[in-house]
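Quick notes on the structure that follows.
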Amino acid sequence: PMCALLKITGGSGNGGGGGMRTQCLRDFIHNLNQVSPALRPGRHEDAHEYILGLVSALEDVELLGKEKLPAAVKNTNAIRSIFGFQVRTTCQCHVCQHTSHLSEPYLDLSLGLKNCSSVEECLRHLLTKEELYGQNQYHCNQCRVNRNARKWMALDYAPPVLLLHLKRFECPRWGFTKKDDSAIRFPEHLNLPPFLCRPQGPSDNYRLLAVIGHM
């Protein structure tokens, strides 16, 4: 699929007429399952699933023959050095003020759209502080019981290329899937330091390179 994609976009440098590009497009479509087993020609597919499948397939190629390496080493591969980052979740007990941290690796960041009109608002909503109480109480390792607590998230560090996914489809427990058609503004330049645990400088500022749209 990657060879066909390069020919379609002219990335191979060979140019090529309309007939060649049509054939390359056919080759690409017929080999979608190499990007992700879930992708099939003629089916209604999701743009986010495609781009994440493509990045994951590239990572699988990068890790061929390295299956026995520890997970910590695998997470330093070339693909993760480009797209990879970690989201740190922090919980603080209201009684003893003990804090715990959990960092998880990601290749993209999914953003909810509820009550948001821009990418910056989506990021603020995702990373806002949340109170844990009632059935959602936090188990404090210091107190050794469930306590009311505060939880918040932030990005551990910024990757060279940041993939953002706008979650337009909602899947309620009962009923049909709903699409949120709200207009979301995305700036040409995105300032990420307000959402980072440790801002690193100019490299935390992003320029919009591409948008994948589900039509």
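Just so we're on the same page: first chain in the structure tokens is A, next is B, and so on; residues restart at 1 for each chain, and ligands are numbered from 1 in the order they show up.
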Item to check | Backbone DSSP call of alpha helix (DSSP H) for chain A, listed as a count of residues only | outcome: 55
Item to check | Point-to-point distance from atom CA of A:Asp108 to atom CA of A:Met153, Å rounded to tenths | outcome: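 For atom CA of A:Asp108 relative to atom CA of A:Met153, the distance reads 15.0 Å.
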Next on the checklist: At a cut-off of 12 Å, using only C-alpha atoms, what residues contact A:His165? Leave out same-chain residues fewer than 5 positions from it and give the result as a count of residues only.
Outcome noted: 23
I'd like the contact shell of A:Phe195 - 12 Å cut-off, only C-alpha atoms, skipping same-chain residues fewer than 5 positions apart - returned as a short mmCIF file (atom, residue, chain, number, x, y, z; two decimals) with N, CA, C and O atoms, in the first residue's frame.
data_model
loop_
_atom_site.label_atom_id
_atom_site.label_comp_id
_atom_site.auth_asym_id
_atom_site.auth_seq_id
_atom_site.Cartn_x
_atom_site.Cartn_y
_atom_site.Cartn_z
N VAL A 87 0.47 10.41 28.02
CA VAL A 87 -0.49 11.20 28.79
C VAL A 87 -0.36 10.80 30.25
O VAL A 87 -0.44 9.62 30.59
N ARG A 88 -0.10 11.78 31.11
CA ARG A 88 0.06 11.51 32.54
C ARG A 88 -1.24 11.86 33.27
O ARG A 88 -1.77 12.96 33.16
N GLU A 120 -8.44 24.10 20.65
CA GLU A 120 -7.92 24.50 21.96
C GLU A 120 -8.94 24.23 23.07
O GLU A 120 -8.58 23.75 24.15
N GLU A 121 -10.23 24.51 22.79
CA GLU A 121 -11.26 24.24 23.79
C GLU A 121 -11.41 22.73 24.04
O GLU A 121 -11.62 22.30 25.17
N CYS A 122 -11.28 21.93 22.98
CA CYS A 122 -11.33 20.48 23.13
C CYS A 122 -10.20 19.98 24.03
O CYS A 122 -10.40 19.11 24.88
N LEU A 123 -9.00 20.53 23.85
CA LEU A 123 -7.86 20.15 24.68
C LEU A 123 -8.08 20.56 26.13
O LEU A 123 -7.81 19.78 27.05
N ARG A 124 -8.59 21.76 26.35
CA ARG A 124 -8.83 22.22 27.72
C ARG A 124 -9.87 21.35 28.40
O ARG A 124 -9.76 21.02 29.59
N HIS A 125 -10.91 20.96 27.64
CA HIS A 125 -11.98 20.13 28.20
C HIS A 125 -11.45 18.75 28.56
O HIS A 125 -11.78 18.19 29.61
N LEU A 126 -10.59 18.18 27.71
CA LEU A 126 -10.03 16.86 27.97
C LEU A 126 -9.13 16.87 29.20
O LEU A 126 -9.14 15.92 30.00
N LEU A 127 -8.36 17.93 29.37
CA LEU A 127 -7.35 17.97 30.42
C LEU A 127 -7.79 18.73 31.67
O LEU A 127 -6.98 18.99 32.55
N THR A 128 -9.08 19.07 31.75
CA THR A 128 -9.57 19.81 32.91
C THR A 128 -9.60 18.91 34.15
O THR A 128 -9.68 17.68 34.05
N TRP A 152 -6.57 14.90 37.23
CA TRP A 152 -6.34 15.70 36.04
C TRP A 152 -5.30 15.03 35.14
O TRP A 152 -4.55 14.16 35.58
N MET A 153 -5.29 15.44 33.89
CA MET A 153 -4.37 14.85 32.91
C MET A 153 -3.57 15.95 32.23
O MET A 153 -3.99 17.10 32.15
N ALA A 154 -2.39 15.57 31.74
CA ALA A 154 -1.54 16.46 30.97
C ALA A 154 -0.62 15.61 30.10
O ALA A 154 -0.41 14.43 30.38
N LEU A 155 -0.10 16.20 29.05
CA LEU A 155 0.84 15.48 28.20
C LEU A 155 2.22 15.54 28.83
O LEU A 155 2.68 16.61 29.24
N ASP A 156 2.88 14.37 28.93
CA ASP A 156 4.23 14.32 29.50
C ASP A 156 5.20 15.12 28.66
O ASP A 156 6.06 15.84 29.17
N TYR A 157 5.10 14.98 27.34
CA TYR A 157 5.97 15.70 26.42
C TYR A 157 5.29 15.76 25.06
O TYR A 157 4.31 15.07 24.80
N ALA A 158 5.80 16.62 24.21
CA ALA A 158 5.20 16.85 22.89
C ALA A 158 5.97 16.08 21.82
O ALA A 158 7.19 16.16 21.76
N LEU A 190 -0.62 25.90 16.62
CA LEU A 190 -1.15 25.45 17.91
C LEU A 190 -0.06 25.56 18.97
O LEU A 190 1.03 25.01 18.82
N GLN A 200 8.82 22.44 26.83
CA GLN A 200 10.21 22.27 26.41
C GLN A 200 10.74 23.41 25.55
O GLN A 200 11.90 23.40 25.17
N ASP A 204 7.44 22.95 21.13
CA ASP A 204 6.09 22.63 21.58
C ASP A 204 5.03 23.38 20.77
O ASP A 204 3.83 23.22 21.03
N ASN A 205 5.44 24.20 19.83
CA ASN A 205 4.51 24.95 18.99
C ASN A 205 4.37 24.24 17.64
O ASN A 205 5.36 23.92 17.00
#
Checklist entry - Residues at most 10 Å from A:Val95, counting only C-alpha atoms, excluding those fewer than 5 positions away in the same chain, as a PyMOL selection string? => result chain A and resi 140+142-143+147-149
Checklist entry - Within 12 Å of A:Ala78, counting only C-alpha atoms, which residues qualify if same-chain residues fewer than 6 places away don't, as JSON, numbers by chain? => result {"A": [55, 56, 58, 59, 60, 61, 62, 63, 84, 159, 160]}
I need the residues from that last selection saved to file as a PDB file, in the first residue's frame (with N, CA and C atoms), if you can.
ATOM      1  N   VAL A  55      -0.296   4.123  10.718  1.00  0.00           N
ATOM      2  CA  VAL A  55       0.837   4.374  11.620  1.00  0.00           C
ATOM      3  C   VAL A  55       1.213   3.096  12.369  1.00  0.00           C
ATOM      4  N   SER A  56       0.211   2.343  12.818  1.00  0.00           N
ATOM      5  CA  SER A  56       0.476   1.095  13.533  1.00  0.00           C
ATOM      6  C   SER A  56       1.142   0.062  12.634  1.00  0.00           C
ATOM      7  N   LEU A  58       3.105   0.719  10.098  1.00  0.00           N
ATOM      8  CA  LEU A  58       4.494   1.156   9.945  1.00  0.00           C
ATOM      9  C   LEU A  58       5.316   0.770  11.179  1.00  0.00           C
ATOM     10  N   GLU A  59       4.692   0.873  12.359  1.00  0.00           N
ATOM     11  CA  GLU A  59       5.394   0.488  13.583  1.00  0.00           C
ATOM     12  C   GLU A  59       5.651  -1.021  13.596  1.00  0.00           C
ATOM     13  N   ASP A  60       4.680  -1.822  13.111  1.00  0.00           N
ATOM     14  CA  ASP A  60       4.861  -3.279  13.060  1.00  0.00           C
ATOM     15  C   ASP A  60       6.050  -3.641  12.174  1.00  0.00           C
ATOM     16  N   VAL A  61       6.186  -2.933  11.041  1.00  0.00           N
ATOM     17  CA  VAL A  61       7.318  -3.177  10.152  1.00  0.00           C
ATOM     18  C   VAL A  61       8.627  -2.813  10.845  1.00  0.00           C
ATOM     19  N   GLU A  62       8.612  -1.712  11.568  1.00  0.00           N
ATOM     20  CA  GLU A  62       9.807  -1.259  12.292  1.00  0.00           C
ATOM     21  C   GLU A  62      10.244  -2.277  13.353  1.00  0.00           C
ATOM     22  N   LEU A  63       9.267  -3.010  13.924  1.00  0.00           N
ATOM     23  CA  LEU A  63       9.565  -3.931  15.024  1.00  0.00           C
ATOM     24  C   LEU A  63       9.752  -5.380  14.571  1.00  0.00           C
ATOM     25  N   GLY A  84       4.822   9.364  18.808  1.00  0.00           N
ATOM     26  CA  GLY A  84       4.517   8.914  20.156  1.00  0.00           C
ATOM     27  C   GLY A  84       4.630   9.985  21.241  1.00  0.00           C
ATOM     28  N   PRO A 159       5.274  15.314  20.963  1.00  0.00           N
ATOM     29  CA  PRO A 159       5.956  14.593  19.887  1.00  0.00           C
ATOM     30  C   PRO A 159       6.275  15.533  18.727  1.00  0.00           C
ATOM     31  N   PRO A 160       7.208  15.161  17.853  1.00  0.00           N
ATOM     32  CA  PRO A 160       7.491  15.997  16.670  1.00  0.00           C
ATOM     33  C   PRO A 160       6.266  16.194  15.785  1.00  0.00           C
TER      34      PRO A 160
END
Next on the checklist: Among stretch 26-132 of chain A, which ones does DSSP assign to strand (DSSP E) (computed from the backbone)? Answer as JSON, numbers by chain.
Outcome noted: {"A": [85, 86, 87, 88, 89, 90, 91, 92, 93, 99, 100, 101, 102, 103, 104, 105, 106, 109, 110, 111, 112, 130, 131, 132]}
Checklist entry - What does the distance from atom CA of A:Thr89 to atom CA of A:Ala57 come to in Å, to one decimal? => result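 About the pair atom CA of A:Thr89 and atom CA of A:Ala57: they are 27.5 Å apart.
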Next on the checklist: When you look at A:Val161 with a cut-off of 9 Å (counting only C-alpha atoms), what residues show up, excluding the ones that are within fewer than 5 positions of it in the same chain? I need them as a ChimeraX atom specification.
Outcome noted: /A:82-84,206
Next on the checklist: From the options A:Glu130, A:Leu163, A:Asn141, A:Pro70, which residue's atoms come nearest to A:His98, counting only C-alpha atoms?
Outcome noted: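 Nearest candidate to A:His98 out of A:Glu130, A:Leu163, A:Asn141, A:Pro70: A:Asn141.
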